[in-house]
Every structure is written in C-alpha cells, then in structure tokens.
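Engineer: Supplied in structure tokens, the structure appears directly below.
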Amino acid sequence: MASPSRTEIISLFRSLLRSARQFPDYNIREYTKRRTIDSFRHNKTLSDPSSIAAAFSDGKSQLQVARRQAVVYSLYAPEIKSIMDVKH
Amino acid sequence: MAARNAILKHLRVSVKPVLSSSTSQNPRLIERGLIQLFRRHFSEEVRGSFLDKSEVTDRVVTCVKNFQKIDPSKVTPTAHFQNDLGLDSLDTVEVVMALEEEFGFEISDNEADKISSINHAVDFIASHPHAK
C-alpha cells in the first residue's frame, strides 16, 4: 500500500475535525475532536510506510463512522443545546 | 473602505437638502444626528461584507492567544505559526479551524494550507466577504 502524502494526512485531519463539529451534543462534539487530535499526535512519530498507510486507512474509516454518526445524532438532537439554557 | 466612503459621501449630499427645508429650529444638530444614524446603519451593512482590518487583527490575536500550547506573550500581529509560536502542522490546522469558528465561515482546504502566519490569516479574513 502506498504511503499517503502529507497533504492527504492534513486533509484527513481537517475532515475529521470538520465532522466533529457537526455533532449537536457538546460532549460528543468535544470527544470526537479530542480523539482526533490525540490519535494524530500519537501517530506523529510513525516512520514505517506500511504503518503510516495502516493508520491512514484506519483514520479514513473513522471519518466514515463520524460522518454517519453525525447524521444519526442530528436526528435525535436534544431540544436544549446547553444546560445553561434551562429555565427554572 | 473607498466604497464605504463613496456611499457615505453620496448619502450626506442627498440627505442635506431634505433636512434643511423641513427643520426650522436647530437644523444643524438634528441633521448631524440623522447623519450619524445613517452612517451607523450603513457601516453595519458594509461590515457584513468586509470586516475592518484592525478589528480582524484584534480578534485573531485574541483567538490565537486562547490556545493552550501557545505562550500568549509571544503572540504578535506578525507572528509566524511555526517559526515564532513553535506550532507544528497539526496545530496550525487547529488554529485555522478555531479562526473559522470565530469568524463563522468555512475556509477551503487549499486556502487553509496557505495560512502560515497571523498576518496572512488577517489578510485572508479581511478580504473574505463572508467573515463576520
């Protein structure tokens, strides 16, 4: 498997962060963002082309999951966006 | 900026005759008040399309200072993300994403790749009609 280019990796990173923003729920939004950033940092030191390619394709499948779940979650979005909006 | 001045100048000329004929007492004062009103209204509209550069600089600098990894004292309007602030390529992507959120518009991938300093970000955002 050919190792992905730097631009492709940056683009995947950006797409994951963009899909993270789609979640209506604050916790999931932040979790997806945090997980994206952490795993890219974790794999920063990879140098073996095959492991880079494996990590890249894993990231791509995670992107599919995030996109799909963002749609599912948006169908069941909470009515109140933030508990700060709750009126007593 | 030039367009805004042109519009304001045009407006001022067209407003004056109406006012001087209709107001008998203290016309200058009312006239000025009305012009202020119009000017504010117009600048708001203009700002909807292009933001003022100094305002953009302020907001970008504040936004960048909020980053955990960045030493706020190092942030200057001309700082380079990688050379001056010590960010790597992933951090730069995060900064640009944060700027997107701050200004409420989406920066396309190839534009975002080019943004490498605060100066550059300010120029780009100030020239972008959808920034708010």
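Following the order of the structure tokens, first chain is A, next is B, and so on, with residues numbered from 1 inside each chain and ligands from 1 in the order they appear.
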Would you mind listing what lies within 12 Å of A:Ile80 as a PDB file with N, CA and C atoms, in the first residue's frame, with only C-alpha atoms counted and same-chain residues fewer than 5 positions away left out?
Structural biologist:
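And here is the file that came out, around35.pdb:
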ATOM      1  N   PRO A  24     -24.532  17.567  17.386  1.00  0.00           N
ATOM      2  CA  PRO A  24     -25.296  18.552  18.168  1.00  0.00           C
ATOM      3  C   PRO A  24     -24.980  18.507  19.662  1.00  0.00           C
ATOM      4  N   ASP A  25     -24.525  17.360  20.137  1.00  0.00           N
ATOM      5  CA  ASP A  25     -24.274  17.209  21.563  1.00  0.00           C
ATOM      6  C   ASP A  25     -22.855  17.662  21.913  1.00  0.00           C
ATOM      7  N   TYR A  26     -22.771  18.513  22.899  1.00  0.00           N
ATOM      8  CA  TYR A  26     -21.470  19.088  23.269  1.00  0.00           C
ATOM      9  C   TYR A  26     -20.439  18.018  23.599  1.00  0.00           C
ATOM     10  N   ASP A  85     -29.172  26.882  29.055  1.00  0.00           N
ATOM     11  CA  ASP A  85     -30.408  27.464  28.539  1.00  0.00           C
ATOM     12  C   ASP A  85     -31.633  27.072  29.358  1.00  0.00           C
ATOM     13  N   VAL A  86     -31.479  26.097  30.256  1.00  0.00           N
ATOM     14  CA  VAL A  86     -32.632  25.611  31.017  1.00  0.00           C
ATOM     15  C   VAL A  86     -33.143  26.713  31.951  1.00  0.00           C
ATOM     16  N   LYS A  87     -34.481  26.930  31.884  1.00  0.00           N
ATOM     17  CA  LYS A  87     -35.065  27.966  32.745  1.00  0.00           C
ATOM     18  C   LYS A  87     -35.792  27.296  33.908  1.00  0.00           C
TER      19      LYS A  87
END
Engineer: May I have the residues of chain B within 12 Å of chain A, counting only C-alpha atoms, written as a list in words?
Structural biologist: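 Filtering chain B at 12 Å from chain A with only C-alpha atoms gives Asp88, Ser89, Leu90, Asp91, Thr92, Val93, Glu94, Val95, Val96, Met97, Ala98, Glu100, Glu101, Glu106, Ile107, Ser108, Asp109, Asn110, Glu111, Ala112, Asp113 and Lys114 of chain B.
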Engineer: Can I get the selected residues back with N, CA and C atoms, as a compact mmCIF listing (two decimals), in the first residue's frame?
Structural biologist:
# COMPACT_ATOMS: atom_id res chain seq x y z
N ASP B 88 3.33 22.95 15.18
CA ASP B 88 3.57 22.05 14.05
C ASP B 88 2.37 22.12 13.10
N SER B 89 2.41 21.28 12.05
CA SER B 89 1.37 21.40 11.03
C SER B 89 -0.03 21.07 11.59
N LEU B 90 -0.10 20.13 12.54
CA LEU B 90 -1.40 19.79 13.11
C LEU B 90 -1.96 20.96 13.93
N ASP B 91 -1.07 21.62 14.69
CA ASP B 91 -1.51 22.78 15.47
C ASP B 91 -2.03 23.88 14.56
N THR B 92 -1.33 24.06 13.44
CA THR B 92 -1.74 25.11 12.51
C THR B 92 -3.16 24.84 12.01
N VAL B 93 -3.44 23.57 11.70
CA VAL B 93 -4.80 23.22 11.27
C VAL B 93 -5.80 23.57 12.37
N GLU B 94 -5.45 23.25 13.62
CA GLU B 94 -6.35 23.56 14.74
C GLU B 94 -6.59 25.05 14.85
N VAL B 95 -5.52 25.84 14.71
CA VAL B 95 -5.67 27.29 14.80
C VAL B 95 -6.61 27.80 13.71
N VAL B 96 -6.40 27.31 12.49
CA VAL B 96 -7.23 27.78 11.38
C VAL B 96 -8.70 27.37 11.60
N MET B 97 -8.91 26.17 12.15
CA MET B 97 -10.28 25.74 12.44
C MET B 97 -10.92 26.65 13.50
N ALA B 98 -10.12 27.02 14.49
CA ALA B 98 -10.64 27.91 15.53
C ALA B 98 -11.00 29.27 14.94
N GLU B 100 -11.98 29.77 11.89
CA GLU B 100 -13.23 29.55 11.15
C GLU B 100 -14.42 29.71 12.08
N GLU B 101 -14.30 29.11 13.26
CA GLU B 101 -15.41 29.20 14.21
C GLU B 101 -15.61 30.63 14.69
N GLU B 106 -16.40 29.07 6.41
CA GLU B 106 -15.53 27.94 6.16
C GLU B 106 -14.39 28.32 5.21
N ILE B 107 -13.18 27.93 5.61
CA ILE B 107 -12.00 28.18 4.77
C ILE B 107 -11.70 26.89 4.03
N SER B 108 -11.60 26.98 2.70
CA SER B 108 -11.37 25.75 1.93
C SER B 108 -9.97 25.21 2.20
N ASP B 109 -9.79 23.91 1.93
CA ASP B 109 -8.54 23.23 2.28
C ASP B 109 -7.30 23.91 1.70
N ASN B 110 -7.35 24.23 0.41
CA ASN B 110 -6.11 24.79 -0.17
C ASN B 110 -5.84 26.21 0.33
N GLU B 111 -6.90 26.95 0.68
CA GLU B 111 -6.68 28.27 1.28
C GLU B 111 -6.09 28.09 2.67
N ALA B 112 -6.67 27.14 3.42
CA ALA B 112 -6.23 26.93 4.80
C ALA B 112 -4.77 26.48 4.85
N ASP B 113 -4.35 25.69 3.86
CA ASP B 113 -2.96 25.23 3.83
C ASP B 113 -1.98 26.38 3.68
N LYS B 114 -2.45 27.46 3.03
CA LYS B 114 -1.53 28.57 2.77
C LYS B 114 -1.35 29.47 3.99
Engineer: Tell me, in Å to one decimal, how far atom CA of B:Ala131 is from atom CA of B:Thr76.
Structural biologist: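 Computing the Euclidean distance for atom CA of B:Ala131 and atom CA of B:Thr76 yields 21.3 Å.
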Engineer: One number please: atom CA of A:Gly59 to atom CA of A:Ser74, in Å, one decimal.
Structural biologist: 22.1 Å
Engineer: Name the residues of stretch 65-116 of chain B that come out as helix (DSSP H, G or I) in a backbone DSSP run; write them as JSON, numbers by chain.
Structural biologist: {"B": [65, 72, 73, 74, 89, 90, 91, 92, 93, 94, 95, 96, 97, 98, 99, 100, 101, 102, 103, 109, 110, 111, 112, 113, 114]}
Engineer: As an exercise, work out the distance from atom CA of A:Ser50 to atom CA of A:Leu16 in Å and give it to one decimal place.
Structural biologist: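 Answer for the atom CA of A:Ser50 to atom CA of A:Leu16 separation: 21.6 Å.
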Engineer: Would you mind listing what lies within 8 Å of B:Thr57 as a PDB file with N, CA and C atoms, in the first residue's frame, with only C-alpha atoms counted and same-chain residues fewer than 4 positions away left out?
Structural biologist:
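Writing the result to result_6.pdb gives the following:
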ATOM      1  N   LYS B  53      -9.922  45.810   9.125  1.00  0.00           N
ATOM      2  CA  LYS B  53      -8.696  45.045   9.322  1.00  0.00           C
ATOM      3  C   LYS B  53      -8.184  45.058  10.756  1.00  0.00           C
ATOM      4  N   VAL B  61      -5.762  37.733  17.078  1.00  0.00           N
ATOM      5  CA  VAL B  61      -4.754  37.657  18.143  1.00  0.00           C
ATOM      6  C   VAL B  61      -5.372  37.080  19.423  1.00  0.00           C
ATOM      7  N   PRO B  77       0.875  40.602  16.075  1.00  0.00           N
ATOM      8  CA  PRO B  77       0.159  40.580  14.799  1.00  0.00           C
ATOM      9  C   PRO B  77       0.999  40.069  13.625  1.00  0.00           C
ATOM     10  N   VAL B 122      -5.002  37.310   8.879  1.00  0.00           N
ATOM     11  CA  VAL B 122      -5.738  38.572   8.927  1.00  0.00           C
ATOM     12  C   VAL B 122      -6.061  39.051   7.519  1.00  0.00           C
TER      13      VAL B 122
END
Engineer: Please provide the set of residues having any atom within 10 Å of A:Pro4, restricted to only C-alpha atoms, with same-chain residues fewer than 4 positions apart removed, written as a short mmCIF file (atom, residue, chain, number, x, y, z; two decimals) with all heavy atoms, in the first residue's frame.
Structural biologist:
data_model
loop_
_atom_site.label_atom_id
_atom_site.label_comp_id
_atom_site.auth_asym_id
_atom_site.auth_seq_id
_atom_site.Cartn_x
_atom_site.Cartn_y
_atom_site.Cartn_z
N GLU A 8 -2.46 14.79 2.12
CA GLU A 8 -3.60 13.90 2.34
C GLU A 8 -3.87 13.72 3.83
O GLU A 8 -5.02 13.67 4.26
CB GLU A 8 -3.33 12.53 1.70
CG GLU A 8 -3.52 12.51 0.20
CD GLU A 8 -3.14 11.16 -0.39
OE1 GLU A 8 -2.03 10.66 -0.11
OE2 GLU A 8 -3.97 10.59 -1.11
N ILE A 9 -2.78 13.59 4.59
CA ILE A 9 -2.93 13.38 6.03
C ILE A 9 -3.54 14.62 6.68
O ILE A 9 -4.48 14.53 7.47
CB ILE A 9 -1.57 13.04 6.67
CG1 ILE A 9 -1.08 11.70 6.11
CG2 ILE A 9 -1.69 12.96 8.18
CD1 ILE A 9 0.32 11.34 6.51
N PRO A 49 6.49 3.14 6.27
CA PRO A 49 5.42 3.46 5.31
C PRO A 49 4.17 2.59 5.47
O PRO A 49 3.05 3.09 5.34
CB PRO A 49 6.07 3.20 3.95
CG PRO A 49 7.52 3.34 4.19
CD PRO A 49 7.77 2.93 5.60
N SER A 50 4.35 1.30 5.78
CA SER A 50 3.16 0.45 5.86
C SER A 50 2.33 0.79 7.10
O SER A 50 1.09 0.76 7.05
CB SER A 50 3.55 -1.03 5.86
OG SER A 50 4.22 -1.34 7.06
N ILE A 52 2.19 3.78 8.47
CA ILE A 52 1.55 5.07 8.16
C ILE A 52 0.29 4.81 7.32
O ILE A 52 -0.78 5.35 7.61
CB ILE A 52 2.52 6.01 7.39
CG1 ILE A 52 3.70 6.40 8.29
CG2 ILE A 52 1.79 7.27 6.93
CD1 ILE A 52 4.73 7.25 7.61
N ALA A 53 0.44 3.94 6.33
CA ALA A 53 -0.70 3.64 5.47
C ALA A 53 -1.82 3.00 6.26
O ALA A 53 -3.01 3.31 6.04
CB ALA A 53 -0.26 2.73 4.33
N ALA A 54 -1.47 2.11 7.19
CA ALA A 54 -2.49 1.44 8.01
C ALA A 54 -3.22 2.47 8.87
O ALA A 54 -4.46 2.46 8.96
CB ALA A 54 -1.84 0.37 8.87
N ALA A 55 -2.45 3.37 9.51
CA ALA A 55 -3.06 4.39 10.36
C ALA A 55 -3.95 5.30 9.54
O ALA A 55 -5.03 5.71 9.98
CB ALA A 55 -1.98 5.20 11.06
N PHE A 56 -3.50 5.60 8.32
CA PHE A 56 -4.28 6.49 7.45
C PHE A 56 -5.61 5.85 7.07
O PHE A 56 -6.66 6.49 7.13
CB PHE A 56 -3.46 6.81 6.19
CG PHE A 56 -4.11 7.80 5.28
CD1 PHE A 56 -4.17 9.14 5.62
CD2 PHE A 56 -4.66 7.39 4.07
CE1 PHE A 56 -4.77 10.06 4.77
CE2 PHE A 56 -5.27 8.30 3.23
CZ PHE A 56 -5.32 9.63 3.58
N SER A 57 -5.57 4.55 6.70
CA SER A 57 -6.83 3.93 6.30
C SER A 57 -7.74 3.74 7.51
O SER A 57 -8.97 3.83 7.39
CB SER A 57 -6.58 2.60 5.58
OG SER A 57 -6.04 1.67 6.48
#
Engineer: Neighbouring residues of A:Gln22 were defined as those with any atom within 6 Å, considering only C-alpha atoms; residues of the same chain fewer than 2 positions away were excluded. Please report them as number ranges by chain.
Structural biologist: A: 19-20, 70
